[in-house]
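Below is my_file-v5.csv, which holds CSV, C-alpha atoms.
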```
chain,number,residue,atom,x,y,z
A,181,MET,CA,124.0,93.5,112.7
A,182,ARG,CA,121.5,92.9,109.9
A,183,SER,CA,118.5,91.8,111.9
A,184,GLU,CA,119.2,94.3,114.7
A,185,ALA,CA,119.4,97.2,112.1
A,186,ILE,CA,116.0,96.5,110.7
A,187,ASN,CA,114.0,98.8,112.9
A,188,TYR,CA,112.2,102.2,113.2
A,189,GLU,CA,115.4,104.0,114.0
A,190,THR,CA,117.0,102.8,110.8
A,191,LEU,CA,113.9,103.6,108.8
A,192,GLY,CA,114.1,107.1,110.2
A,193,LYS,CA,117.8,107.4,109.3
A,194,ILE,CA,117.1,106.2,105.7
A,195,SER,CA,114.2,108.6,105.4
A,196,ASP,CA,116.5,111.5,106.4
A,197,PHE,CA,119.1,110.4,103.9
A,198,ILE,CA,116.8,110.1,101.0
A,199,SER,CA,114.8,113.2,101.7
A,200,SER,CA,117.8,115.5,102.0
A,201,SER,CA,118.8,115.6,98.3
A,202,ARG,CA,117.4,117.8,95.6
A,203,GLU,CA,119.0,115.8,92.8
A,204,LEU,CA,118.1,112.3,91.7
A,205,ASP,CA,121.8,111.2,91.5
A,206,ASP,CA,122.5,112.5,95.0
A,207,ALA,CA,119.4,110.8,96.4
A,208,SER,CA,120.3,107.5,94.7
A,209,GLU,CA,123.8,107.6,96.1
A,210,HIS,CA,122.6,108.4,99.6
A,211,ILE,CA,120.2,105.5,99.5
A,212,VAL,CA,122.6,102.8,98.5
A,213,HIS,CA,125.4,104.0,100.7
A,214,SER,CA,123.2,104.3,103.8
A,215,LEU,CA,121.5,100.9,103.3
A,216,ARG,CA,124.7,99.1,102.7
A,217,ASP,CA,126.5,100.6,105.6
A,218,ILE,CA,123.6,100.6,108.2
A,219,ILE,CA,122.4,97.0,107.4
A,220,GLU,CA,126.0,95.8,106.7
A,221,LEU,CA,125.3,94.4,103.2
A,222,LYS,CA,127.8,93.2,100.7
A,223,GLY,CA,126.3,95.5,98.2
A,224,CYS,CA,123.2,97.5,97.3
A,225,ALA,CA,122.0,98.8,93.9
A,226,LEU,CA,119.2,101.0,92.8
A,227,MET,CA,118.0,100.2,89.3
A,228,LEU,CA,115.5,102.2,87.2
A,229,LEU,CA,113.3,100.7,84.6
A,230,ASP,CA,113.8,101.9,81.0
A,231,ARG,CA,110.4,101.3,79.5
A,232,LYS,CA,111.7,101.6,75.9
A,233,THR,CA,114.3,98.8,76.2
A,234,ASP,CA,112.7,96.9,79.1
A,235,GLU,CA,116.0,97.0,80.8
A,236,LEU,CA,117.0,97.9,84.3
A,237,LYS,CA,119.7,100.6,84.4
A,238,VAL,CA,121.9,101.0,87.5
A,239,ALA,CA,121.2,104.5,88.9
A,240,ALA,CA,123.6,103.9,91.9
A,241,SER,CA,125.4,101.1,93.6
A,242,ARG,CA,127.7,100.5,96.5
A,243,GLY,CA,129.9,97.5,97.3
A,244,LEU,CA,129.7,95.9,93.8
A,245,SER,CA,132.7,95.7,91.5
A,246,GLU,CA,132.8,97.4,88.1
A,247,ALA,CA,133.1,93.9,86.5
A,248,TYR,CA,129.8,92.8,88.1
A,249,LEU,CA,128.1,96.0,87.3
A,250,ASN,CA,129.2,95.8,83.6
A,251,LYS,CA,128.4,92.1,83.2
A,252,GLY,CA,125.8,92.8,80.5
A,253,THR,CA,122.4,94.3,80.1
A,254,ILE,CA,119.9,93.6,82.8
A,255,SER,CA,116.6,92.5,81.3
A,256,ALA,CA,113.6,93.3,83.3
A,257,ARG,CA,112.1,90.0,82.0
A,258,LYS,CA,115.0,87.8,82.9
A,259,SER,CA,116.6,89.2,86.0
A,260,ILE,CA,114.4,88.3,89.0
A,261,ALA,CA,111.5,89.3,86.8
A,262,ALA,CA,108.9,88.4,89.4
A,263,SER,CA,110.0,91.3,91.6
A,264,LEU,CA,108.6,93.8,89.2
A,265,SER,CA,105.2,92.2,88.8
A,266,GLU,CA,104.6,90.2,92.0
A,267,GLY,CA,106.5,92.1,94.8
A,268,PRO,CA,109.8,91.4,96.7
A,269,VAL,CA,111.8,88.3,95.8
A,270,ALA,CA,114.3,86.8,98.2
A,271,ILE,CA,116.9,84.5,96.9
A,272,TYR,CA,118.7,82.5,99.6
A,273,ASP,CA,121.3,80.8,97.4
A,274,VAL,CA,122.4,82.5,94.1
A,275,GLU,CA,124.1,79.2,93.0
A,276,ASP,CA,120.8,77.3,93.0
A,277,ASP,CA,118.2,79.7,91.7
A,278,PRO,CA,116.9,79.8,88.1
A,279,ARG,CA,115.5,83.4,88.5
A,280,LEU,CA,119.0,85.0,88.1
A,281,GLN,CA,120.1,86.2,84.7
A,282,TYR,CA,123.8,86.1,85.6
A,283,PRO,CA,124.3,83.5,88.4
A,284,GLU,CA,127.9,82.7,87.5
A,285,GLU,CA,128.8,86.4,87.8
A,286,ALA,CA,127.0,86.6,91.2
A,287,VAL,CA,129.1,83.7,92.5
A,288,LYS,CA,132.3,85.3,91.3
A,289,GLU,CA,131.3,88.5,93.0
A,290,GLY,CA,131.0,86.7,96.3
A,291,ILE,CA,127.2,87.1,96.5
A,292,LYS,CA,125.3,84.5,98.5
A,293,SER,CA,121.8,86.0,98.8
A,294,ILE,CA,119.8,88.7,97.0
A,295,MET,CA,116.6,90.5,97.8
A,296,SER,CA,115.0,92.4,94.9
A,297,VAL,CA,112.3,94.9,96.0
A,298,PRO,CA,110.2,96.7,93.3
A,299,LEU,CA,109.9,100.5,93.3
A,300,VAL,CA,106.2,101.0,92.5
A,301,LEU,CA,104.6,104.4,91.8
A,302,ARG,CA,100.8,104.7,91.2
A,303,GLY,CA,100.6,100.9,90.6
A,304,ARG,CA,103.4,100.9,88.0
A,305,PRO,CA,106.9,99.6,88.5
A,306,ILE,CA,109.7,102.2,88.0
A,307,GLY,CA,112.6,100.1,89.1
A,308,VAL,CA,114.1,97.9,91.8
A,309,LEU,CA,116.1,98.1,95.0
A,310,ARG,CA,118.6,95.1,95.1
A,311,LEU,CA,120.3,94.0,98.3
A,312,TYR,CA,123.2,91.7,98.1
A,313,THR,CA,124.8,89.7,101.0
A,314,ALA,CA,128.1,87.9,101.3
A,315,GLU,CA,126.6,85.3,103.7
A,316,PRO,CA,123.3,83.4,103.2
A,317,TRP,CA,120.4,85.4,104.6
A,318,GLU,CA,117.0,83.8,105.2
A,319,PHE,CA,115.0,87.0,104.7
A,320,SER,CA,112.1,87.1,107.1
A,321,GLY,CA,108.6,88.5,106.5
A,322,GLN,CA,109.5,91.4,108.7
A,323,ASP,CA,112.6,92.0,106.5
A,324,LEU,CA,110.4,92.1,103.4
A,325,ILE,CA,108.0,94.5,105.0
A,326,PHE,CA,110.8,96.8,106.1
A,327,PHE,CA,112.4,96.9,102.6
A,328,GLN,CA,109.0,97.4,100.9
A,329,ALA,CA,108.6,100.5,103.1
A,330,VAL,CA,112.0,101.7,102.1
A,331,ALA,CA,111.2,101.1,98.4
A,332,GLY,CA,108.0,103.0,98.8
A,333,MET,CA,109.8,106.0,100.2
A,334,ILE,CA,112.4,105.8,97.4
A,335,ALA,CA,109.7,105.7,94.7
A,336,LEU,CA,108.1,108.8,96.1
A,337,VAL,CA,111.4,110.6,96.4
A,338,ILE,CA,112.2,109.7,92.8
A,339,ASP,CA,108.8,111.0,91.6
A,340,ASN,CA,109.2,114.2,93.6
A,341,LEU,CA,112.7,114.8,92.3
A,342,ARG,CA,111.6,114.2,88.7
A,343,MET,CA,108.7,116.7,89.1
A,344,TYR,CA,111.1,119.2,90.7
A,345,ARG,CA,113.5,118.8,87.8
A,346,GLY,CA,110.6,119.2,85.3
A,347,LEU,CA,109.3,122.4,87.0
A,348,LYS,CA,112.8,123.8,87.2
A,349,ALA,CA,113.3,123.2,83.5
A,350,SER,CA,109.9,124.9,82.8
A,351,ILE,CA,110.9,127.9,84.8
A,352,ASP,CA,114.2,128.1,83.0
A,353,VAL,CA,112.4,128.1,79.7
A,354,LEU,CA,110.0,130.8,80.9
A,355,LYS,CA,113.0,133.0,82.0
A,356,VAL,CA,114.4,132.7,78.4
A,357,ILE,CA,111.1,133.6,76.8
A,358,ARG,CA,110.3,136.5,79.3
A,359,PRO,CA,113.6,137.6,80.8
A,360,GLY,CA,112.0,140.5,82.7
A,361,LEU,CA,109.2,138.4,84.1
A,362,LYS,CA,108.6,139.1,87.8
A,363,PRO,CA,106.5,137.1,90.1
A,364,ALA,CA,102.9,138.3,90.5
A,365,LYS,CA,102.2,140.4,93.6
A,366,ARG,CA,100.1,138.7,96.3
A,367,THR,CA,97.1,140.4,97.7
A,368,LEU,CA,95.8,140.2,101.2
A,369,HIS,CA,92.8,138.2,99.9
A,370,GLU,CA,94.9,135.3,98.8
```
Could you show the structure in this file as structure tokens?
Amino acid sequence: MRSEAINYETLGKISDFISSSRELDDASEHIVHSLRDIIELKGCALMLLDRKTDELKVAASRGLSEAYLNKGTISARKSIAASLSEGPVAIYDVEDDPRLQYPEEAVKEGIKSIMSVPLVLRGRPIGVLRLYTAEPWEFSGQDLIFFQAVAGMIALVIDNLRMYRGLKASIDVLKVIRPGLKPAKRTLHE
């Protein structure tokens, strides 16, 4: 179903899933679950970049074992690094590609192909979306464009949810400082 699932209808479903959450954890879970199920992937992971350590941290995953997820730290410089700086990277055969940080673990996990798509916000990478297949997949140009669109939506949702969380925290602080604070009355001229 993979190729047939990469269409506007699927893009709409994914958009609905990721825009329906108000919490980053919920949105991340919706994203990986819907992508894995709709596109029939072996696994899917959303990883966010930790700028302090230069590591990718798994925010959510589906279809990947705990052993694979806990294989070691994921260096943004070693693990398909080009996807953060140059755009999507498609790996047809995990057994024969030097760009993987943990190729033996990928083989043990039953992964054959991987696509890594950067999450970019205002020109800066904030993480990656990783798609894993159990059968070799020759990702087409159309596949790359589709997943770039999905990654762009994800980056915007992450940014919006982070801003929402920040605003909510600011409001909570203001409530502590001024417990009796009431919203300003609107006038007809506003």
Notebook entry, point to check: When you draw a straight line from atom CA of Val300 of chain A to atom CA of Asp206 of chain A, how long is it in Å?
Noted result: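 Between these atoms lies a distance of 20.1 Å.
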Next item on the list: Using all atoms listed in the file, pick whichever of A:Lys237, A:Arg310, A:Lys258, A:Lys193 has the shortest atom-to-atom distance to Ile291 of chain A.
Entry: A:Arg310
Margin query: Just the number, please: distance in Å from atom CA of Val269 of chain A to atom CA of Asp196 of chain A, one decimal.
Written below: 25.9 Å
Notebook entry, point to check: atom CA of Leu280 of chain A and atom CA of Leu226 of chain A are how many Å apart?
Noted result: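 Computing the Euclidean distance for atom CA of Leu280 of chain A and atom CA of Leu226 of chain A yields 16.7 Å.
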Note to self: With only C-alpha atoms as the counted atoms, please give the residues lying no more than 10 Å from Glu289 of chain A, apart from itself and same-chain residues fewer than 4 positions off, as a PyMOL selection string.
What the structure shows: chain A and resi 222+244-245+247-249+283-285+314
Notebook entry, point to check: For Thr313 of chain A, which residue out of A:Ala225, A:Ile294, A:Val212, A:Val287 is the nearest one, using all atoms listed in the file?
Noted result: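 Closest to Thr313 of chain A, using all atoms listed in the file: A:Ile294.
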